[in-house]
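Dropping final-v8.csv in here (CSV, C-alpha atoms):
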```
chain,number,residue,atom,x,y,z
A,22,MET,CA,-56.9,120.3,15.7
A,23,LYS,CA,-56.5,118.6,19.2
A,24,ILE,CA,-52.8,118.0,18.5
A,25,LEU,CA,-52.3,121.7,17.4
A,26,THR,CA,-54.2,122.9,20.6
A,27,SER,CA,-52.0,120.7,22.8
A,28,PHE,CA,-48.8,122.1,21.2
A,29,LEU,CA,-50.1,125.6,21.7
A,30,ILE,CA,-50.8,124.9,25.4
A,31,ILE,CA,-47.4,123.3,25.9
A,32,GLY,CA,-45.7,126.2,24.1
A,33,CYS,CA,-47.6,128.7,26.2
A,34,LEU,CA,-46.6,127.0,29.4
A,35,ILE,CA,-42.9,127.0,28.4
A,36,SER,CA,-42.9,130.6,27.1
A,37,CYS,CA,-44.8,131.8,30.1
A,38,ARG,CA,-42.3,130.4,32.6
A,39,VAL,CA,-40.2,133.1,34.3
A,40,GLN,CA,-36.5,132.9,33.5
A,41,LEU,CA,-33.8,134.1,35.9
A,42,LYS,CA,-31.7,136.7,34.0
A,43,ASN,CA,-28.5,138.7,34.4
A,44,HIS,CA,-29.2,142.4,34.4
A,45,ARG,CA,-27.0,145.3,33.3
A,46,PHE,CA,-26.8,147.8,36.2
A,47,PRO,CA,-24.9,151.0,35.5
A,48,ASN,CA,-22.7,150.6,38.6
A,49,PRO,CA,-21.8,146.9,38.7
A,50,VAL,CA,-20.0,145.4,41.7
A,51,ASP,CA,-17.4,142.6,41.6
A,52,THR,CA,-18.8,139.9,43.9
A,53,THR,CA,-16.3,137.2,43.4
A,54,ASP,CA,-15.0,135.5,46.6
A,55,ASN,CA,-12.7,137.5,48.9
A,56,GLU,CA,-10.5,136.1,51.6
A,57,ILE,CA,-11.7,136.7,55.2
A,58,THR,CA,-10.0,136.6,58.6
A,59,ILE,CA,-11.4,133.8,60.6
A,60,GLN,CA,-12.2,134.8,64.1
A,61,GLU,CA,-10.2,132.8,66.6
A,62,LYS,CA,-12.5,131.4,69.3
A,63,ARG,CA,-10.9,131.9,72.7
A,64,ILE,CA,-11.5,132.2,76.4
A,65,PHE,CA,-9.6,135.1,78.0
A,66,LYS,CA,-8.8,135.2,81.7
A,67,VAL,CA,-9.3,138.6,83.2
A,68,ASN,CA,-8.5,137.6,86.8
A,69,GLU,CA,-9.1,134.6,89.1
A,70,ALA,CA,-12.8,135.3,89.1
A,71,ILE,CA,-13.7,136.6,85.6
A,72,THR,CA,-13.3,135.1,82.0
A,73,ILE,CA,-14.5,136.6,78.7
A,74,ASP,CA,-15.0,134.6,75.6
A,75,ASN,CA,-16.4,134.6,72.0
A,76,GLN,CA,-17.4,131.0,71.9
A,77,PHE,CA,-21.0,131.4,70.7
A,78,ASP,CA,-22.8,132.2,67.5
A,79,GLY,CA,-22.8,135.9,66.7
A,80,ALA,CA,-19.7,136.6,68.9
A,81,ARG,CA,-17.1,139.1,67.7
A,82,PHE,CA,-14.0,140.6,69.1
A,83,SER,CA,-10.4,140.1,68.0
A,84,ASN,CA,-8.2,140.6,71.1
A,85,LEU,CA,-8.4,141.4,74.8
A,86,THR,CA,-5.9,143.2,77.0
A,87,VAL,CA,-6.2,143.2,80.8
A,88,LEU,CA,-5.2,146.7,82.0
A,89,ASN,CA,-6.0,145.9,85.7
A,90,ASP,CA,-8.3,143.8,87.7
A,91,SER,CA,-11.3,145.9,86.9
A,92,VAL,CA,-10.5,147.4,83.4
A,93,ILE,CA,-10.0,145.6,80.1
A,94,SER,CA,-9.5,146.7,76.5
A,95,ILE,CA,-11.2,144.8,73.6
A,96,THR,CA,-10.6,145.2,69.9
A,97,THR,CA,-13.1,144.3,67.2
A,98,THR,CA,-11.9,144.0,63.6
A,99,PRO,CA,-13.9,143.3,60.4
A,100,GLU,CA,-13.9,140.0,58.5
A,101,ASN,CA,-12.2,141.7,55.5
A,102,GLU,CA,-11.8,145.1,53.8
A,103,PRO,CA,-13.0,147.3,52.2
A,104,ILE,CA,-16.2,147.3,54.3
A,105,ASN,CA,-18.6,149.9,55.6
A,106,SER,CA,-18.3,151.3,59.1
A,107,SER,CA,-20.6,149.0,61.1
A,108,PRO,CA,-18.3,147.7,63.8
A,109,TRP,CA,-20.0,144.7,65.4
A,110,TYR,CA,-19.0,143.4,68.8
A,111,ALA,CA,-20.4,140.6,71.0
A,112,LEU,CA,-18.9,138.9,74.0
A,113,ARG,CA,-19.7,136.8,77.0
A,114,LEU,CA,-18.5,137.5,80.6
A,115,VAL,CA,-18.5,134.7,83.2
A,116,SER,CA,-17.7,135.6,86.8
A,117,ALA,CA,-17.7,134.1,90.2
A,118,LEU,CA,-19.7,136.8,91.9
A,119,ASP,CA,-18.5,136.0,95.4
A,120,LYS,CA,-14.9,136.5,94.3
A,121,SER,CA,-15.1,139.2,91.6
A,122,PRO,CA,-15.4,143.0,91.9
A,123,THR,CA,-18.8,144.5,91.7
A,124,SER,CA,-18.1,146.2,88.3
A,125,LEU,CA,-15.9,145.9,85.3
A,126,THR,CA,-14.9,148.6,82.8
A,127,ILE,CA,-14.8,147.4,79.2
A,128,CYS,CA,-13.1,149.6,76.6
A,129,ILE,CA,-14.0,148.5,73.0
A,130,ASP,CA,-11.6,149.9,70.4
A,131,TYR,CA,-12.4,150.2,66.7
A,132,PRO,CA,-9.7,150.1,64.0
A,133,HIS,CA,-8.2,153.4,62.9
A,134,LYS,CA,-10.7,154.4,60.2
A,135,TYR,CA,-14.0,153.0,61.7
A,136,LYS,CA,-16.5,154.8,63.9
A,137,HIS,CA,-18.8,153.7,66.6
A,138,ARG,CA,-22.3,152.8,65.4
A,139,TYR,CA,-24.1,150.4,67.8
A,140,TRP,CA,-25.2,151.3,71.3
A,141,PRO,CA,-24.4,148.3,73.7
A,142,ASN,CA,-27.1,145.8,74.7
A,143,ILE,CA,-27.0,143.5,77.6
A,144,SER,CA,-28.6,140.1,78.5
A,145,VAL,CA,-28.2,137.4,81.2
A,146,ASP,CA,-30.0,134.7,79.2
A,147,GLN,CA,-29.6,135.7,75.4
A,148,LYS,CA,-33.4,135.9,75.2
A,149,SER,CA,-34.3,139.2,76.9
A,150,TRP,CA,-32.1,142.2,76.0
A,151,SER,CA,-31.9,145.8,77.2
A,152,ARG,CA,-29.9,148.8,76.3
A,153,VAL,CA,-27.0,149.6,78.7
A,154,ASP,CA,-27.9,152.7,80.7
A,155,SER,CA,-26.4,155.9,79.3
A,156,THR,CA,-24.8,156.7,82.6
A,157,ALA,CA,-22.6,153.7,82.2
A,158,VAL,CA,-21.6,154.4,78.6
A,159,LYS,CA,-19.0,156.8,77.1
A,160,ILE,CA,-18.1,157.3,73.5
A,161,SER,CA,-14.8,159.0,72.7
A,162,GLU,CA,-14.8,162.3,70.9
A,163,ASP,CA,-13.4,160.7,67.7
A,164,SER,CA,-16.0,157.9,68.0
A,165,GLN,CA,-13.3,155.2,67.9
A,166,GLN,CA,-13.7,153.9,71.4
A,167,LEU,CA,-16.7,152.8,73.4
A,168,THR,CA,-16.4,152.5,77.2
A,169,ILE,CA,-18.9,150.5,79.3
A,170,LYS,CA,-18.9,150.4,83.1
A,171,LEU,CA,-20.6,147.1,83.6
A,172,SER,CA,-22.2,146.1,86.9
A,173,LEU,CA,-21.7,142.4,87.5
A,174,ILE,CA,-25.3,141.5,88.3
A,175,SER,CA,-25.2,137.8,87.1
A,176,ASP,CA,-22.6,135.1,86.8
A,177,THR,CA,-23.1,135.2,83.0
A,178,ILE,CA,-23.6,138.3,81.0
A,179,TRP,CA,-23.7,138.9,77.2
A,180,ILE,CA,-22.8,142.3,75.8
A,181,ALA,CA,-23.5,143.0,72.1
A,182,ALA,CA,-23.9,145.7,69.6
A,183,GLN,CA,-27.5,144.6,69.0
A,184,PRO,CA,-29.6,141.8,70.5
A,185,ILE,CA,-28.1,138.6,69.1
A,186,VAL,CA,-30.4,136.8,66.8
A,187,SER,CA,-28.6,133.7,65.5
A,188,SER,CA,-29.5,131.3,62.7
A,189,THR,CA,-30.7,128.9,65.3
A,190,THR,CA,-33.0,131.5,66.8
A,191,VAL,CA,-34.4,132.4,63.3
A,192,GLY,CA,-35.0,128.7,62.5
A,193,THR,CA,-36.9,128.2,65.8
A,194,TRP,CA,-39.1,131.2,65.0
A,195,CYS,CA,-39.8,129.9,61.5
A,196,ASP,CA,-40.8,126.5,63.0
A,197,SER,CA,-43.1,128.2,65.4
A,198,LEU,CA,-44.9,130.1,62.6
A,199,SER,CA,-45.3,126.9,60.6
A,200,HIS,CA,-47.9,125.8,63.1
A,201,ALA,CA,-50.2,128.6,62.0
A,202,GLU,CA,-52.8,128.0,59.3
A,203,ASN,CA,-51.6,129.5,55.9
A,204,VAL,CA,-47.9,129.1,56.8
A,205,LYS,CA,-45.4,126.6,55.5
A,206,SER,CA,-41.7,126.5,56.6
A,207,SER,CA,-38.9,124.9,54.6
A,208,SER,CA,-35.4,125.7,53.3
A,209,ALA,CA,-34.5,127.6,50.1
A,210,GLY,CA,-31.0,126.0,50.0
A,211,LEU,CA,-27.7,126.2,51.8
A,212,SER,CA,-25.2,128.9,52.6
A,213,MET,CA,-21.5,128.6,51.7
A,214,LEU,CA,-20.8,126.9,55.0
A,215,GLY,CA,-23.8,124.6,54.8
A,216,ARG,CA,-26.3,126.5,56.9
A,217,LYS,CA,-30.0,126.4,55.9
A,218,LEU,CA,-31.6,129.4,54.2
A,219,PRO,CA,-35.0,129.5,55.9
A,220,PHE,CA,-38.1,130.0,53.8
A,221,LEU,CA,-41.7,130.7,54.7
A,222,LYS,CA,-44.6,130.6,52.3
A,223,ILE,CA,-47.6,132.5,53.8
A,224,GLY,CA,-51.0,132.3,52.1
A,225,SER,CA,-52.5,130.4,49.2
A,226,GLY,CA,-53.2,133.2,46.6
A,227,LYS,CA,-51.5,133.7,43.3
A,228,LYS,CA,-50.5,137.3,43.6
A,229,THR,CA,-47.1,137.3,45.4
A,230,ILE,CA,-45.1,139.6,47.6
A,231,VAL,CA,-41.4,138.5,48.0
A,232,ILE,CA,-39.7,139.5,51.3
A,233,LEU,CA,-35.9,139.4,52.2
A,234,SER,CA,-34.1,140.1,55.4
A,235,ARG,CA,-30.7,140.0,57.1
A,236,GLN,CA,-28.5,140.3,54.1
A,237,HIS,CA,-26.2,142.3,56.4
A,238,PRO,CA,-25.6,140.5,59.7
A,239,PRO,CA,-25.8,143.4,62.3
A,240,GLU,CA,-29.1,144.8,60.9
A,241,VAL,CA,-31.2,143.2,63.6
A,242,THR,CA,-33.9,145.9,64.0
A,243,GLY,CA,-34.9,145.3,60.4
A,244,PHE,CA,-35.5,141.7,61.3
A,245,PHE,CA,-37.6,142.7,64.3
A,246,ALA,CA,-39.7,144.8,61.9
A,247,LEU,CA,-40.1,141.8,59.6
A,248,LYS,CA,-41.3,139.7,62.6
A,249,TYR,CA,-44.0,142.2,63.7
A,250,PHE,CA,-45.0,142.9,60.1
A,251,LEU,CA,-45.7,139.2,59.4
A,252,ASN,CA,-47.5,138.8,62.7
A,253,GLU,CA,-49.9,141.5,61.6
A,254,ILE,CA,-50.3,139.8,58.2
A,255,LEU,CA,-51.5,136.7,60.1
A,256,VAL,CA,-53.8,138.2,62.7
A,257,ASN,CA,-55.4,141.2,61.0
A,258,GLU,CA,-59.1,141.1,60.3
A,259,LEU,CA,-58.3,141.2,56.6
A,260,SER,CA,-55.9,138.3,56.8
A,261,ASP,CA,-58.1,135.3,55.8
A,262,LYS,CA,-59.5,137.1,52.8
A,263,PHE,CA,-56.2,138.6,51.8
A,264,LEU,CA,-54.2,135.3,52.0
A,265,LYS,CA,-56.7,133.6,49.7
A,266,GLU,CA,-55.8,136.1,46.9
A,267,TYR,CA,-52.2,136.8,47.8
A,268,CYS,CA,-49.2,135.0,49.2
A,269,PHE,CA,-45.8,135.9,50.7
A,270,LEU,CA,-42.5,134.2,49.8
A,271,VAL,CA,-40.3,135.1,52.8
A,272,TYR,CA,-36.5,134.7,53.1
A,273,PRO,CA,-35.8,136.0,56.7
A,274,LEU,CA,-32.1,135.1,56.9
A,275,VAL,CA,-30.2,135.6,53.6
A,276,ASN,CA,-26.8,135.6,55.3
A,277,PRO,CA,-26.8,132.9,58.1
A,278,ASP,CA,-23.0,132.4,57.9
A,279,GLY,CA,-22.3,136.1,58.4
A,280,VAL,CA,-24.7,136.3,61.3
A,281,ASP,CA,-23.3,133.3,63.2
A,282,LEU,CA,-19.7,134.3,62.5
A,283,GLY,CA,-20.3,137.8,63.9
A,284,HIS,CA,-19.5,139.6,60.6
A,285,TRP,CA,-19.8,143.3,60.2
A,286,ARG,CA,-21.5,143.0,56.8
A,287,HIS,CA,-20.3,140.2,54.5
A,288,ASN,CA,-20.9,136.5,54.1
A,289,ALA,CA,-18.3,133.7,54.6
A,290,ALA,CA,-16.8,134.6,51.2
A,291,GLY,CA,-16.2,138.2,52.2
A,292,VAL,CA,-18.9,139.6,49.9
A,293,ASP,CA,-21.8,142.0,50.5
A,294,LEU,CA,-24.7,139.9,49.4
A,295,ASN,CA,-26.8,143.0,48.6
A,296,ARG,CA,-24.5,143.8,45.7
A,297,ASP,CA,-24.8,140.3,44.1
A,298,TRP,CA,-28.2,140.6,42.5
A,299,GLN,CA,-26.7,140.8,38.9
A,300,TYR,CA,-24.8,137.6,38.3
A,301,TYR,CA,-25.7,135.6,41.5
A,302,LYS,CA,-22.1,134.5,42.2
A,303,GLN,CA,-22.6,133.9,45.9
A,304,PRO,CA,-24.4,130.6,46.9
A,305,GLU,CA,-26.9,132.4,49.1
A,306,VAL,CA,-28.2,134.8,46.5
A,307,ASN,CA,-28.0,132.2,43.8
A,308,ALA,CA,-30.0,129.8,45.8
A,309,ILE,CA,-32.7,132.3,46.8
A,310,ALA,CA,-33.0,133.9,43.4
A,311,ASN,CA,-33.5,130.5,41.8
A,312,HIS,CA,-35.9,129.4,44.6
A,313,ILE,CA,-38.0,132.5,43.9
A,314,ILE,CA,-38.1,131.8,40.2
A,315,ASN,CA,-38.8,128.1,40.6
A,316,THR,CA,-41.6,128.7,43.2
A,317,LEU,CA,-43.3,131.3,40.9
A,318,ASN,CA,-43.2,128.8,38.1
A,319,ASP,CA,-44.1,125.7,40.0
A,320,ASP,CA,-47.1,127.3,41.8
A,321,ARG,CA,-48.0,129.6,38.8
A,322,LEU,CA,-47.6,132.8,40.9
A,323,GLU,CA,-47.4,136.4,39.8
A,324,ILE,CA,-45.1,138.7,41.8
A,325,VAL,CA,-46.5,142.1,42.5
A,326,LEU,CA,-44.0,143.6,45.0
A,327,GLY,CA,-40.6,143.1,46.5
A,328,LEU,CA,-39.6,144.2,50.0
A,329,ASP,CA,-36.1,143.9,51.7
A,330,PHE,CA,-35.9,144.6,55.4
A,331,HIS,CA,-32.7,146.3,56.6
A,332,SER,CA,-31.3,148.6,59.3
A,333,THR,CA,-29.4,151.9,59.1
A,334,TRP,CA,-28.9,155.0,61.2
A,335,TYR,CA,-32.5,156.2,60.9
A,336,ASP,CA,-35.9,155.0,59.5
A,337,VAL,CA,-36.1,155.4,55.7
A,338,TYR,CA,-37.6,153.7,52.7
A,339,TYR,CA,-35.4,153.3,49.7
A,340,SER,CA,-38.1,153.1,47.0
A,341,THR,CA,-38.2,152.7,43.2
A,342,ASP,CA,-38.1,155.9,41.2
A,343,ARG,CA,-41.7,156.5,40.1
A,344,THR,CA,-40.6,157.5,36.6
A,345,LEU,CA,-39.8,153.8,35.9
A,346,LYS,CA,-42.9,152.3,34.3
A,347,THR,CA,-43.3,149.3,36.6
A,348,LYS,CA,-46.5,147.4,37.3
A,349,ASN,CA,-48.3,148.6,40.4
A,350,ARG,CA,-46.2,151.7,40.6
A,351,LYS,CA,-49.0,153.7,42.3
A,352,PHE,CA,-48.8,151.3,45.3
A,353,THR,CA,-45.7,153.0,46.9
A,354,ASP,CA,-47.2,156.5,47.2
A,355,GLU,CA,-50.5,155.1,48.4
A,356,TRP,CA,-48.7,152.9,51.0
A,357,PHE,CA,-46.7,155.8,52.3
A,358,GLN,CA,-49.8,158.0,52.5
A,359,TYR,CA,-51.6,155.3,54.5
A,360,ILE,CA,-48.6,155.1,56.9
A,361,GLU,CA,-48.6,158.8,57.5
A,362,ASN,CA,-52.4,158.9,58.0
A,363,ASN,CA,-52.3,156.1,60.6
A,364,ILE,CA,-49.2,157.0,62.7
A,365,PRO,CA,-49.8,160.3,64.4
A,366,GLU,CA,-47.2,163.0,63.6
A,367,TYR,CA,-45.1,160.6,61.5
A,368,LYS,CA,-43.6,161.6,58.2
A,369,VAL,CA,-42.3,158.9,55.9
A,370,LYS,CA,-38.7,159.5,54.8
A,371,ASP,CA,-38.7,158.4,51.1
A,372,ALA,CA,-35.5,158.1,49.1
A,373,PRO,CA,-36.4,157.0,45.6
A,374,SER,CA,-33.8,155.9,43.1
A,375,GLY,CA,-33.5,154.2,39.7
A,376,LEU,CA,-31.6,151.1,38.7
A,377,GLN,CA,-28.0,151.9,39.7
A,378,SER,CA,-26.3,149.1,41.5
A,379,PRO,CA,-27.1,145.4,41.7
A,380,VAL,CA,-29.1,145.5,45.0
A,381,SER,CA,-32.2,143.5,45.6
A,382,LYS,CA,-34.5,146.5,45.3
A,383,GLY,CA,-33.3,147.1,41.7
A,384,TRP,CA,-33.4,143.3,41.0
A,385,PHE,CA,-37.2,143.3,41.7
A,386,VAL,CA,-37.6,146.0,39.1
A,387,ALA,CA,-35.2,144.6,36.5
A,388,GLN,CA,-36.3,140.9,36.8
A,389,PHE,CA,-40.1,141.3,37.4
A,390,ASN,CA,-40.9,145.0,36.5
A,391,VAL,CA,-42.5,145.5,39.9
A,392,PRO,CA,-41.7,148.0,42.6
A,393,GLY,CA,-38.8,147.1,45.0
A,394,ILE,CA,-38.6,148.8,48.4
A,395,THR,CA,-35.9,148.6,50.9
A,396,TYR,CA,-37.6,148.9,54.3
A,397,GLU,CA,-35.0,150.4,56.7
A,398,ILE,CA,-35.4,150.7,60.4
A,399,GLY,CA,-33.1,152.9,62.5
A,400,ASP,CA,-30.5,151.1,64.7
A,401,ASN,CA,-31.9,152.8,67.8
A,402,THR,CA,-35.6,153.0,66.8
A,403,PRO,CA,-37.6,152.0,70.0
A,404,MET,CA,-39.1,148.6,69.9
A,405,GLU,CA,-42.6,149.8,70.7
A,406,PHE,CA,-42.4,152.1,67.6
A,407,ILE,CA,-41.0,149.2,65.5
A,408,LYS,CA,-44.1,147.2,66.5
A,409,GLU,CA,-46.5,150.0,65.8
A,410,LYS,CA,-45.0,150.9,62.5
A,411,SER,CA,-44.8,147.3,61.3
A,412,SER,CA,-48.4,146.7,62.2
A,413,VAL,CA,-49.5,149.8,60.3
A,414,THR,CA,-47.4,149.1,57.3
A,415,ALA,CA,-48.7,145.5,57.1
A,416,GLU,CA,-52.3,146.5,57.4
A,417,GLY,CA,-51.8,149.3,54.9
A,418,LEU,CA,-50.2,146.9,52.4
A,419,MET,CA,-53.2,144.5,52.7
A,420,LYS,CA,-55.8,147.2,52.4
A,421,ILE,CA,-54.2,148.9,49.4
A,422,LEU,CA,-53.5,145.7,47.4
A,423,PHE,CA,-56.8,144.0,48.3
A,424,GLU,CA,-59.2,146.8,48.1
```

The structure given in the file should be rewritten as structure tokens.
Amino acid sequence: MKILTSFLIIGCLISCRVQLKNHRFPNPVDTTDNEITIQEKRIFKVNEAITIDNQFDGARFSNLTVLNDSVISITTTPENEPINSSPWYALRLVSALDKSPTSLTICIDYPHKYKHRYWPNISVDQKSWSRVDSTAVKISEDSQQLTIKLSLISDTIWIAAQPIVSSTTVGTWCDSLSHAENVKSSSAGLSMLGRKLPFLKIGSGKKTIVILSRQHPPEVTGFFALKYFLNEILVNELSDKFLKEYCFLVYPLVNPDGVDLGHWRHNAAGVDLNRDWQYYKQPEVNAIANHIINTLNDDRLEIVLGLDFHSTWYDVYYSTDRTLKTKNRKFTDEWFQYIENNIPEYKVKDAPSGLQSPVSKGWFVAQFNVPGITYEIGDNTPMEFIKEKSSVTAEGLMKILFE
């Protein structure tokens, strides 16, 4: 009898282990490697007093033409095509202030079929960023050129489509969080070019929420929302009790190569990683999907929800169609109601869909039968509102799941 019982226990442990599976999505996407154009790192001389370069992580522009001592034209091109219209640009200007003009006009040109998306941001230290004043910005009628009249207020100035948050910055942030109780920081594997895929485990409970971010390099506001969301998870009055019953598996930088290379959307293999959650052909998605499965099995965890933080033109939640019979399917409506009840005059924009293409949201449903939600923040959503919304959504998640 003891032998039979042992075999039954072993058999249960084997059969109960979660297996990573391929899934049949109605609209599959070919995610085999595509050739990319490697950005040439250069220093361009504007005049005797000013240089402009792309020799830093997150930089992006393809060419520079000097029109005169105070006007230049810059072109930004994507890593490969086809690609969605998210033209990323980032450059550094170094000037000898005592010899240079007081201002410089920079014209950023987008290729023929792409339209302007990101309002310019400026920094003198790559830590603090601010939006360029609207009086100094002009967008052409066809949205194919951005003109910035830049005041030369410092000897070094960075200009970028969004604040630059490189893989080094994310790694430093993860290390800082690891000093907190309930947080462990490590790596889920390596990218195609050998960069670490940072991983945070928060909490000690068995019920698990999986969180992804930065599958698409320019989507920085989504990452900011993730940071403030996790901060609330750690400091809320419910945190201690909640994190004894629940835990978070957090992958805050799925595409470190694309981020550091200044890509518009893809990884170093020229692939949209948020279309690879079917056959896991790309090393980043393959590593993270396997890491999720292995962590669930090794720690005997049960996933209850999947969240993926992104950015787009406006705030929206791409949720799971409620007609799909997932576990915890009431959570989404209760969460959205909590958000509306706790942010004055705010209405959740909910865009539910079924299992159509191999994106992470659908993978959470297909692989685990739990709700998947893509948490989208607008490109231009004010930082104070990102903070408020992130705090409310984190608190609401804890209250609904815990209570």

* Return the single residue from A:Trp194, A:Thr123, A:Thr414, A:Leu282 that is closest to Leu171 (chain A), with distances computed using all atoms listed in the file. =>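 Comparing A:Trp194, A:Thr123, A:Thr414, A:Leu282 against Leu171 (chain A), the winner is A:Thr123.
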
* Near region 224-229 of chain A, counting only C-alpha atoms, which residues have an atom at most 8 Å away, once you skip same-chain residues fewer than 3 positions from it, shown as a PyMOL selection string? -> chain A and resi 203-204+264-270+320-326

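Distances to Thr53 (chain A) were evaluated for A:Ile421, A:Glu397, A:Tyr301, A:Phe357 using only C-alpha atoms, and the minimum falls at A:Tyr301.
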
* CA of Ala80 (chain A) to CA of Leu198 (chain A), distance in Å rounded to a single decimal -> 26.8 Å

Would you write out, as JSON lines, a table of all residues in region 158-274 of chain A that have an atom no more than 10 Å from an atom of region 116-120 of chain A, listing for each the closest atom pair and the distance in Å to one decimal, considering only C-alpha atoms and ordering rows by chain and rising residue number?
```
{"residue": "A:Leu173", "atom": "CA", "partner": "A:Leu118", "partner_atom": "CA", "distance": 7.4}
{"residue": "A:Ile174", "atom": "CA", "partner": "A:Leu118", "partner_atom": "CA", "distance": 8.1}
{"residue": "A:Ser175", "atom": "CA", "partner": "A:Leu118", "partner_atom": "CA", "distance": 7.4}
{"residue": "A:Asp176", "atom": "CA", "partner": "A:Ser116", "partner_atom": "CA", "distance": 4.9}
{"residue": "A:Thr177", "atom": "CA", "partner": "A:Ser116", "partner_atom": "CA", "distance": 6.6}
{"residue": "A:Ile178", "atom": "CA", "partner": "A:Ser116", "partner_atom": "CA", "distance": 8.7}
```

Print the selection's residues with C-alpha atoms to a file, as a compact mmCIF listing (two decimals), in the frame of the given file.
```
# COMPACT_ATOMS: atom_id res chain seq x y z
CA LEU A 173 -21.70 142.40 87.50
CA ILE A 174 -25.30 141.50 88.30
CA SER A 175 -25.20 137.80 87.10
CA ASP A 176 -22.60 135.10 86.80
CA THR A 177 -23.10 135.20 83.00
CA ILE A 178 -23.60 138.30 81.00
```

* Asked: Taking (-35.0, 158.6, 40.5) in the file's coordinates as the center, which residues reach within 7 Å of it, counting all atoms listed in the file, put as a list in words?
  ->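 Residues close enough to count: Asp342, Thr344, Pro373, Ser374 and Gly375 of chain A.
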
* Using CA of Ser188 (chain A) and CA of Glu405 (chain A) as the two end points, give the distance in Å to one decimal. =>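 Interatomic distance here is 24.0 Å.
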
* Just how far from CA of Ile313 (chain A) is CA of Ser207 (chain A), in Å to one decimal? ->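 These atoms are spaced 13.2 Å apart.
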
* Asked: From the set A:Arg152, A:Leu41, A:Ala181, A:Gly283, which residue has the shortest atom-to-atom contact distance to Ser83 (chain A), counting all atoms listed in the file?
  -> A:Gly283

* Asked: What lies within 9 Å of Asp90 (chain A) using all atoms listed in the file, ignoring chain neighbours under 4 positions off, as number ranges by chain?
  -> A: 67-68, 122, 125
